[in-house]
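**Student:** My structure is in model12.tsv, and what it holds is TSV, C-alpha atoms:
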```tsv
chain	number	residue	atom	x	y	z
Q	1	MET	CA	82.65	83.97	71.23
Q	2	LEU	CA	81.41	85.24	74.60
Q	3	LEU	CA	78.05	86.78	73.70
Q	4	LEU	CA	77.04	84.41	70.92
Q	5	GLY	CA	78.97	81.24	71.73
Q	6	PHE	CA	78.54	80.99	75.49
Q	7	GLY	CA	75.17	82.73	75.40
Q	8	TYR	CA	73.51	80.38	72.94
Q	9	LEU	CA	75.28	77.27	74.26
Q	10	MET	CA	73.33	77.76	77.49
Q	11	THR	CA	69.92	78.15	75.83
Q	12	PHE	CA	69.29	74.42	76.20
Q	13	LEU	CA	67.03	75.25	79.16
Q	14	GLY	CA	63.54	75.35	77.66
Q	15	LYS	CA	62.27	78.24	79.80
Q	16	TYR	CA	65.50	80.17	80.37
Q	17	GLY	CA	66.63	81.36	76.94
Q	18	LEU	CA	66.38	85.06	77.77
Q	19	GLY	CA	68.40	84.50	80.92
Q	20	ALA	CA	71.01	82.50	79.03
Q	21	VAL	CA	71.70	85.13	76.39
Q	22	GLY	CA	70.67	88.24	78.34
Q	23	PHE	CA	72.57	87.57	81.55
Q	24	THR	CA	75.56	86.47	79.48
Q	25	MET	CA	75.61	90.03	78.13
Q	26	LEU	CA	75.32	91.46	81.65
Q	27	LEU	CA	78.14	89.33	83.04
Q	28	THR	CA	80.42	89.95	80.06
Q	29	ALA	CA	79.93	93.71	80.26
Q	30	THR	CA	80.55	93.58	84.01
Q	31	ALA	CA	83.59	91.31	83.91
Q	32	ILE	CA	85.71	92.98	81.22
Q	33	PRO	CA	86.16	96.47	82.75
Q	34	LEU	CA	86.20	95.00	86.25
Q	35	ASN	CA	89.04	92.65	85.36
Q	36	ILE	CA	91.02	95.34	83.58
Q	37	ALA	CA	91.11	97.32	86.84
Q	38	VAL	CA	91.46	94.40	89.27
Q	39	GLU	CA	94.12	92.50	87.33
Q	40	TYR	CA	96.11	95.70	86.94
Q	41	GLY	CA	95.96	96.21	90.71
Q	42	VAL	CA	97.06	92.64	91.38
Q	43	ARG	CA	99.96	92.97	88.92
Q	44	VAL	CA	101.12	96.15	90.62
Q	45	MET	CA	100.90	94.62	94.10
Q	46	TYR	CA	102.74	91.49	92.98
Q	47	GLY	CA	105.41	93.00	90.75
Q	48	GLY	CA	105.55	96.62	91.83
Q	49	TRP	CA	104.96	99.86	89.93
Q	50	GLY	CA	106.70	99.96	86.57
Q	51	SER	CA	108.11	96.45	86.84
Q	52	SER	CA	106.76	95.68	83.36
Q	53	ASP	CA	104.69	97.24	80.59
Q	54	ASP	CA	101.58	95.86	82.32
Q	55	THR	CA	102.27	97.82	85.54
Q	56	SER	CA	103.22	101.22	84.16
Q	57	SER	CA	101.27	104.30	85.19
Q	58	PRO	CA	98.71	105.33	84.08
Q	59	LEU	CA	96.84	102.08	83.44
Q	60	PRO	CA	97.90	100.94	79.95
Q	61	LEU	CA	95.07	100.10	77.57
Q	62	GLY	CA	95.60	98.12	74.40
Q	63	ILE	CA	94.35	95.07	72.54
Q	64	SER	CA	96.16	92.76	74.97
Q	65	THR	CA	94.41	94.48	77.88
Q	66	PHE	CA	91.00	93.79	76.43
Q	67	ILE	CA	91.99	90.21	75.58
Q	68	ASP	CA	92.85	89.67	79.25
Q	69	GLY	CA	89.48	91.18	80.17
Q	70	GLU	CA	87.70	88.83	77.81
Q	71	PHE	CA	89.61	85.86	79.21
Q	72	SER	CA	88.30	86.83	82.64
Q	73	ALA	CA	84.78	87.14	81.25
Q	74	ALA	CA	85.06	83.66	79.72
Q	75	THR	CA	86.04	82.31	83.14
Q	76	LEU	CA	82.99	83.96	84.69
Q	77	LEU	CA	80.66	82.59	82.02
Q	78	ILE	CA	81.97	79.09	82.67
Q	79	SER	CA	81.10	79.53	86.35
Q	80	TYR	CA	77.72	80.94	85.34
Q	81	GLY	CA	76.99	77.68	83.55
Q	82	ALA	CA	77.13	75.80	86.85
Q	83	VAL	CA	74.45	77.98	88.50
Q	84	ILE	CA	72.45	79.27	85.53
Q	85	GLY	CA	68.74	79.45	86.28
Q	86	ARG	CA	69.27	79.17	90.03
Q	87	ALA	CA	71.10	82.39	90.95
Q	88	THR	CA	69.44	85.80	90.94
Q	89	PRO	CA	70.89	88.65	88.84
Q	90	THR	CA	72.14	90.31	92.05
Q	91	GLN	CA	73.85	87.09	93.10
Q	92	LEU	CA	75.46	86.83	89.67
Q	93	VAL	CA	76.91	90.34	89.95
Q	94	ILE	CA	78.31	89.45	93.38
Q	95	MET	CA	79.87	86.34	91.84
Q	96	ALA	CA	81.39	88.48	89.08
Q	97	ILE	CA	82.95	90.92	91.55
Q	98	ALA	CA	84.39	88.22	93.80
Q	99	GLN	CA	85.67	86.04	90.98
Q	100	SER	CA	87.49	88.93	89.31
Q	101	LEU	CA	89.76	89.20	92.35
Q	102	PHE	CA	90.31	85.49	92.95
Q	103	TYR	CA	90.83	84.83	89.25
Q	104	ALA	CA	93.46	87.56	88.99
Q	105	VAL	CA	95.30	86.36	92.10
Q	106	ASN	CA	95.38	82.75	90.89
Q	107	LYS	CA	96.52	83.74	87.41
Q	108	VAL	CA	98.97	86.57	88.11
Q	109	VAL	CA	100.40	85.59	91.49
Q	110	PHE	CA	100.31	81.79	91.47
Q	111	VAL	CA	100.04	80.04	88.07
Q	112	LEU	CA	101.92	82.50	85.83
Q	113	GLY	CA	103.85	84.19	88.65
Q	114	MET	CA	105.31	82.11	91.47
Q	115	ILE	CA	104.84	78.78	89.69
Q	116	SER	CA	105.55	79.97	86.12
Q	117	ALA	CA	103.39	77.28	84.54
Q	118	GLU	CA	102.82	77.13	80.78
Q	119	ASP	CA	99.17	77.94	80.00
Q	120	VAL	CA	98.90	79.93	76.79
Q	121	GLY	CA	95.28	78.92	76.09
Q	122	GLY	CA	93.97	78.96	79.65
Q	123	SER	CA	93.37	75.29	80.42
Q	124	LEU	CA	94.30	76.06	84.04
Q	125	THR	CA	93.64	79.75	84.58
Q	126	ILE	CA	90.39	79.94	82.59
Q	127	HIS	CA	88.69	76.57	82.20
Q	128	MET	CA	89.80	74.82	85.37
Q	129	PHE	CA	89.37	77.87	87.56
Q	130	GLY	CA	85.97	78.76	86.08
Q	131	ALA	CA	84.61	75.22	86.32
Q	132	TYR	CA	85.58	74.46	89.90
Q	133	PHE	CA	84.80	77.97	91.13
Q	134	GLY	CA	81.29	77.54	89.70
Q	135	LEU	CA	80.88	74.04	91.13
Q	136	ALA	CA	81.92	75.31	94.57
Q	137	VAL	CA	79.41	78.15	94.31
Q	138	SER	CA	76.74	75.62	93.35
Q	139	LYS	CA	77.61	73.51	96.39
Q	140	ALA	CA	77.21	76.54	98.66
Q	141	LEU	CA	73.85	77.42	97.07
Q	142	GLY	CA	72.61	73.90	97.76
Q	143	PRO	CA	70.72	71.45	95.55
Q	144	HIS	CA	68.06	72.64	93.14
Q	145	ARG	CA	64.44	72.56	94.22
Q	146	ASP	CA	62.65	69.57	92.69
Q	147	ALA	CA	59.40	71.47	92.29
Q	148	SER	CA	60.90	73.63	89.55
Q	149	ALA	CA	62.95	70.92	87.85
Q	150	PRO	CA	60.54	70.61	84.87
Q	151	ASN	CA	61.41	74.22	83.94
Q	152	ALA	CA	64.91	73.02	83.08
Q	153	ASP	CA	63.69	70.51	80.49
Q	154	ALA	CA	64.99	71.08	76.98
Q	155	THR	CA	62.85	71.54	73.88
Q	156	PRO	CA	63.71	70.86	70.22
Q	157	ILE	CA	64.18	74.62	69.68
Q	158	SER	CA	66.34	75.10	72.78
Q	159	ASP	CA	68.60	72.21	71.78
Q	160	ILE	CA	69.04	73.64	68.27
Q	161	LEU	CA	69.89	77.06	69.70
Q	162	ALA	CA	72.45	75.43	71.98
Q	163	LEU	CA	74.06	73.74	68.97
Q	164	ILE	CA	74.29	77.14	67.28
Q	165	GLY	CA	76.32	78.30	70.28
Q	166	THR	CA	78.48	75.19	69.99
Q	167	THR	CA	79.32	75.77	66.33
Q	168	LEU	CA	80.19	79.41	67.02
Q	169	LEU	CA	82.49	78.41	69.86
Q	170	TRP	CA	84.04	75.67	67.72
Q	171	VAL	CA	84.85	78.12	64.92
Q	172	TYR	CA	86.36	80.80	67.16
Q	173	TRP	CA	88.13	78.57	69.68
Q	174	PRO	CA	91.45	78.37	67.76
Q	175	SER	CA	91.75	82.17	67.71
Q	176	PHE	CA	90.87	82.23	71.42
Q	177	VAL	CA	93.77	79.92	72.26
Q	178	GLY	CA	96.17	81.90	70.07
Q	179	ALA	CA	94.88	85.35	71.01
Q	180	THR	CA	97.99	86.31	72.99
Q	181	GLU	CA	100.37	85.03	70.30
Q	182	THR	CA	99.39	87.25	67.38
Q	183	GLY	CA	102.77	89.00	67.54
Q	184	VAL	CA	104.66	85.72	67.03
Q	185	SER	CA	103.36	84.06	63.88
Q	186	ALA	CA	105.04	80.71	64.55
Q	187	ASN	CA	103.39	80.43	67.97
Q	188	GLU	CA	100.04	81.61	66.64
Q	189	ASN	CA	100.13	79.02	63.86
Q	190	LEU	CA	100.91	76.25	66.35
Q	191	CYS	CA	98.07	77.34	68.63
Q	192	VAL	CA	95.55	77.45	65.79
Q	193	MET	CA	96.67	74.17	64.20
Q	194	HIS	CA	96.83	72.23	67.46
Q	195	THR	CA	93.45	73.56	68.61
Q	196	ILE	CA	91.73	72.64	65.35
Q	197	LEU	CA	93.16	69.12	65.52
Q	198	ALA	CA	92.12	68.74	69.16
Q	199	LEU	CA	88.60	69.92	68.35
Q	200	LEU	CA	88.39	67.48	65.44
Q	201	GLY	CA	89.43	64.68	67.79
Q	202	SER	CA	86.94	65.57	70.52
Q	203	THR	CA	84.12	65.97	67.99
Q	204	ILE	CA	84.66	62.54	66.47
Q	205	ALA	CA	85.04	60.95	69.91
Q	206	SER	CA	81.93	62.69	71.24
Q	207	PHE	CA	79.70	61.42	68.46
Q	208	TYR	CA	81.08	57.90	68.86
Q	209	MET	CA	80.76	57.83	72.66
Q	210	SER	CA	77.33	59.42	72.63
Q	211	ALA	CA	76.00	56.77	70.26
Q	212	LYS	CA	77.79	54.07	72.24
Q	213	LEU	CA	76.25	55.12	75.54
Q	214	GLY	CA	72.91	56.05	73.96
Q	215	HIS	CA	72.33	52.68	72.28
Q	216	GLY	CA	72.86	54.01	68.78
Q	217	LYS	CA	71.38	57.49	69.19
Q	218	PHE	CA	73.11	60.82	69.84
Q	219	ASP	CA	72.42	62.86	72.97
Q	220	PRO	CA	72.15	66.60	72.14
Q	221	VAL	CA	73.80	67.45	75.47
Q	222	HIS	CA	76.90	65.44	74.55
Q	223	ILE	CA	77.14	66.91	71.07
Q	224	ALA	CA	76.56	70.49	72.23
Q	225	ASN	CA	79.25	70.30	74.90
Q	226	SER	CA	81.73	67.44	74.66
Q	227	THR	CA	82.63	68.27	71.05
Q	228	LEU	CA	84.40	71.34	72.48
Q	229	ALA	CA	86.40	69.43	75.10
Q	230	GLY	CA	89.48	69.22	72.89
Q	231	GLY	CA	89.74	73.00	72.88
Q	232	VAL	CA	89.72	72.99	76.67
Q	233	ALA	CA	92.40	70.31	77.01
Q	234	VAL	CA	94.83	71.65	74.41
Q	235	GLY	CA	95.10	75.16	75.85
Q	236	ALA	CA	98.02	74.57	78.21
Q	237	SER	CA	100.17	72.89	75.54
Q	238	ALA	CA	99.09	74.61	72.33
Q	239	ARG	CA	102.36	76.41	71.57
Q	240	LEU	CA	104.57	73.46	72.51
Q	241	ALA	CA	105.88	70.85	70.09
Q	242	MET	CA	103.07	68.45	70.93
Q	243	THR	CA	102.90	67.33	67.27
Q	244	PRO	CA	99.68	67.08	65.24
Q	245	VAL	CA	99.17	63.49	66.38
Q	246	GLY	CA	99.55	64.52	70.01
Q	247	ALA	CA	96.96	67.28	69.66
Q	248	PHE	CA	94.51	65.00	67.85
Q	249	VAL	CA	94.86	62.18	70.40
Q	250	LEU	CA	94.52	64.62	73.30
Q	251	GLY	CA	91.27	65.85	71.74
Q	252	ILE	CA	89.96	62.29	71.38
Q	253	VAL	CA	90.69	61.50	75.03
Q	254	ALA	CA	89.09	64.79	76.13
Q	255	GLY	CA	85.92	63.99	74.19
Q	256	VAL	CA	85.71	60.52	75.70
Q	257	VAL	CA	86.26	61.83	79.22
Q	258	SER	CA	83.67	64.58	78.76
Q	259	VAL	CA	80.90	62.30	77.47
Q	260	ILE	CA	81.54	59.78	80.25
Q	261	GLY	CA	81.34	62.65	82.70
Q	262	TYR	CA	77.90	63.66	81.45
Q	263	ALA	CA	76.70	60.07	81.53
Q	264	LYS	CA	78.23	58.93	84.83
Q	265	SER	CA	79.59	61.82	86.87
Q	266	SER	CA	76.68	64.27	86.91
Q	267	PRO	CA	74.34	61.98	88.91
Q	268	ILE	CA	77.11	61.42	91.47
Q	269	LEU	CA	77.63	65.16	91.91
Q	270	GLU	CA	73.91	65.68	92.40
Q	271	SER	CA	73.91	63.04	95.15
Q	272	LEU	CA	76.61	65.14	96.86
Q	273	GLY	CA	74.49	68.28	96.67
Q	274	ILE	CA	76.31	69.81	93.68
Q	275	PHE	CA	73.87	70.57	90.88
Q	276	ASP	CA	75.81	71.53	87.77
Q	277	THR	CA	73.14	72.97	85.48
Q	278	CYS	CA	75.21	73.21	82.30
Q	279	GLY	CA	77.64	70.40	83.09
Q	280	VAL	CA	80.68	72.68	83.24
Q	281	GLY	CA	82.51	70.05	85.25
Q	282	ASN	CA	82.24	67.69	82.30
Q	283	LEU	CA	83.07	70.19	79.55
Q	284	HIS	CA	85.61	72.40	81.32
Q	285	GLY	CA	86.52	70.62	84.56
Q	286	TYR	CA	87.66	67.12	83.63
Q	287	PRO	CA	89.16	68.10	80.24
Q	288	SER	CA	91.13	70.95	81.89
Q	289	ILE	CA	92.62	68.54	84.42
Q	290	LEU	CA	93.47	66.22	81.53
Q	291	GLY	CA	95.02	69.18	79.71
Q	292	GLY	CA	97.04	70.18	82.76
Q	293	LEU	CA	98.40	66.67	83.21
Q	294	ALA	CA	99.12	66.40	79.48
Q	295	SER	CA	101.01	69.70	79.59
Q	296	ALA	CA	103.36	68.19	82.18
Q	297	PHE	CA	104.20	65.49	79.65
Q	298	PHE	CA	104.58	67.87	76.71
Q	299	VAL	CA	106.85	70.32	78.57
Q	300	ALA	CA	109.07	67.37	79.47
Q	301	VAL	CA	109.23	66.32	75.82
Q	302	ASP	CA	109.79	69.90	74.63
Q	303	ALA	CA	111.95	71.08	77.53
Q	304	ASP	CA	114.03	73.46	75.37
Q	305	ASN	CA	111.03	75.42	74.06
Q	306	VAL	CA	111.84	79.14	74.08
Q	307	ASN	CA	108.42	79.91	75.58
Q	308	LEU	CA	109.20	78.07	78.81
Q	309	PRO	CA	110.73	80.15	81.62
Q	310	ASP	CA	114.49	79.88	81.98
Q	311	ILE	CA	114.60	79.52	85.76
Q	312	THR	CA	116.38	77.13	88.07
Q	313	GLY	CA	114.85	74.99	90.79
Q	314	MET	CA	111.67	73.05	90.21
Q	315	PRO	CA	111.54	71.32	86.77
Q	316	GLN	CA	108.80	72.57	84.45
Q	317	PHE	CA	107.15	69.15	84.61
Q	318	PHE	CA	106.39	69.68	88.31
Q	319	ARG	CA	105.46	73.32	87.77
Q	320	GLN	CA	102.59	72.18	85.56
Q	321	LEU	CA	101.38	69.73	88.20
Q	322	VAL	CA	101.65	72.31	90.97
Q	323	GLY	CA	99.72	74.74	88.76
Q	324	VAL	CA	96.88	72.23	88.52
Q	325	ALA	CA	96.85	71.64	92.27
Q	326	ILE	CA	96.97	75.33	93.20
Q	327	THR	CA	94.24	76.25	90.72
Q	328	LEU	CA	91.95	73.53	92.06
Q	329	PHE	CA	92.53	74.68	95.65
Q	330	VAL	CA	92.10	78.40	95.01
Q	331	SER	CA	89.05	77.99	92.76
Q	332	MET	CA	87.16	75.66	95.08
Q	333	THR	CA	87.88	77.52	98.32
Q	334	SER	CA	87.18	80.96	96.86
Q	335	GLY	CA	84.12	79.67	95.02
Q	336	TYR	CA	82.60	78.16	98.13
Q	337	PHE	CA	83.24	81.36	100.09
Q	338	THR	CA	81.63	83.40	97.31
Q	339	GLY	CA	78.65	81.05	97.26
Q	340	LEU	CA	78.14	81.51	100.99
Q	341	VAL	CA	78.06	85.28	100.48
Q	342	MET	CA	75.58	84.86	97.64
Q	343	THR	CA	73.21	82.81	99.80
Q	344	GLY	CA	72.69	85.87	101.98
Q	345	ILE	CA	70.77	87.49	99.11
Q	346	GLY	CA	68.18	84.74	99.05
Q	347	PRO	CA	67.34	82.20	96.34
Q	348	SER	CA	65.46	82.78	93.12
Q	349	PRO	CA	61.67	82.58	93.71
Q	350	VAL	CA	61.34	80.06	90.87
Q	351	GLU	CA	64.26	78.32	89.20
Q	352	TYR	CA	64.90	78.14	85.43
Q	353	ASP	CA	62.05	80.51	84.59
Q	354	ASP	CA	62.55	83.66	82.48
Q	355	GLY	CA	59.20	85.01	83.65
Q	356	VAL	CA	60.66	85.78	87.08
Q	357	TRP	CA	63.12	88.35	85.67
Q	358	TRP	CA	61.84	89.31	82.23
Q	359	GLU	CA	58.67	91.07	81.12
Q	360	GLY	CA	56.57	89.80	78.24
Q	361	GLU	CA	52.97	89.05	77.43
Q	362	TYR	CA	53.89	85.43	76.77
Q	363	PHE	CA	54.68	85.03	80.49
Q	364	GLU	CA	51.15	86.00	81.55
```
What does the file become when written as structure tokens?
**Tutor:**
Amino acid sequence: MLLLGFGYLMTFLGKYGLGAVGFTMLLTATAIPLNIAVEYGVRVMYGGWGSSDDTSSPLPLGISTFIDGEFSAATLLISYGAVIGRATPTQLVIMAIAQSLFYAVNKVVFVLGMISAEDVGGSLTIHMFGAYFGLAVSKALGPHRDASAPNADATPISDILALIGTTLLWVYWPSFVGATETGVSANENLCVMHTILALLGSTIASFYMSAKLGHGKFDPVHIANSTLAGGVAVGASARLAMTPVGAFVLGIVAGVVSVIGYAKSSPILESLGIFDTCGVGNLHGYPSILGGLASAFFVAVDADNVNLPDITGMPQFFRQLVGVAITLFVSMTSGYFTGLVMTGIGPSPVEYDDGVWWEGEYFE
């Protein structure tokens, strides 16, 4: 899902295919071991040594550990989509190091710790955090340079490769949402079923909206991205009793919101100096906010669900809303700070051009 799905989804840039797939490998390989160490440290500092199986000594390694590492890598790749083609490899590694810490703090300390929000599939901790962290980094890096804009133009081959990434992500997304629930078959089945239904809804809605806004024709950008929006939105509620209809409708709304974002929101962001290369705000940002708000409704409907924390004080409905607010604040502030650090390295000599970083006779 990470190497093939995310990697090929971002090959829509006509002259940056090697960077899309190659640097996806670099960031994935960097993020997984980094997160295993950093998240373990954050868990220990927050809960104390031996407070749970995740904080025992020595560092416990198992399938769940690597799943957490891959979740972190997915968050980083979402952020990468916002700055792909504009950040240097050194800047990307700096982003990976910084995000591993801020991601772990937001997830362990705030969303799943102090707030105790429900987020089994990562609508908040993965998609929302990754999208708005990346957008904040993009804002700090500044707008793209117009002289190199033609390098970002898609080609028929690059659009087809991007759709290959989309289909791979689509197929594996249900198992991604249910990855932490493999030990509880009932929860895993709910996660898989609800995610498939949400993806079906967003796919149908994306094709309809794309044709509607494109005067009868489909935009490859919409189909490559917005079809996945249902998987983003359903993550926070996937193991709740949201019903098949609820999952399907949530997917439809997510697809509509995502396509409208690509058509209307992206130009507005660019006018504000935020250039979102891959449109992560439209695929991961808006649908994750929708998913967070929807989770507040579904936890209220399914208040007795055994997966919800049995704690007094703030109702779970408000915990979901606070989780959304905290994640937006932490991701944007930490992302902007990270972007300012990255600017000290200096910009890429030419944007969206593989020839700057890769060797090949075809670049000569």
**Student:** Can you list, as a PyMOL selection string, every protein, DNA or RNA residue that comes within 8 Å of segment 74-89 of chain Q when you count only C-alpha atoms, leaving out same-chain residues fewer than 3 positions away?
**Tutor:** chain Q and resi 2+6+10+16+19-20+23-24+27-28+31+70-71+92-93+96+99+126-127+129-135+137-138+144+275-280+284+347-348+351-353
**Student:** Of the candidates Q:Ala229, Q:Leu190, Q:Val38, Q:Val259, which one gets nearest to Tyr208 of chain Q if we count only C-alpha atoms?
**Tutor:**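 With only C-alpha atoms as the atom set, the closest residue is Q:Val259.
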**Student:** Can you measure atom CA of Asp310 of chain Q to atom CA of Leu250 of chain Q for me? One decimal in Å is fine.
**Tutor:**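 About the pair atom CA of Asp310 of chain Q and atom CA of Leu250 of chain Q: they are 26.6 Å apart.
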**Student:** Which residues are close to segment 316-328 of chain Q, i.e. within 6 Å by all atoms listed in the file, leaving aside same-chain residues fewer than 3 positions away? Reply as an NGL selection string.
**Tutor:** :Q and (111 or 115 or 117 or 296 or 300 or 331)
**Student:** Which is closer to Ser64 of chain Q than all the others in Q:Ile274, Q:Leu269, Q:Leu290, Q:Ile36, using all atoms listed in the file?
**Tutor:** Q:Ile36
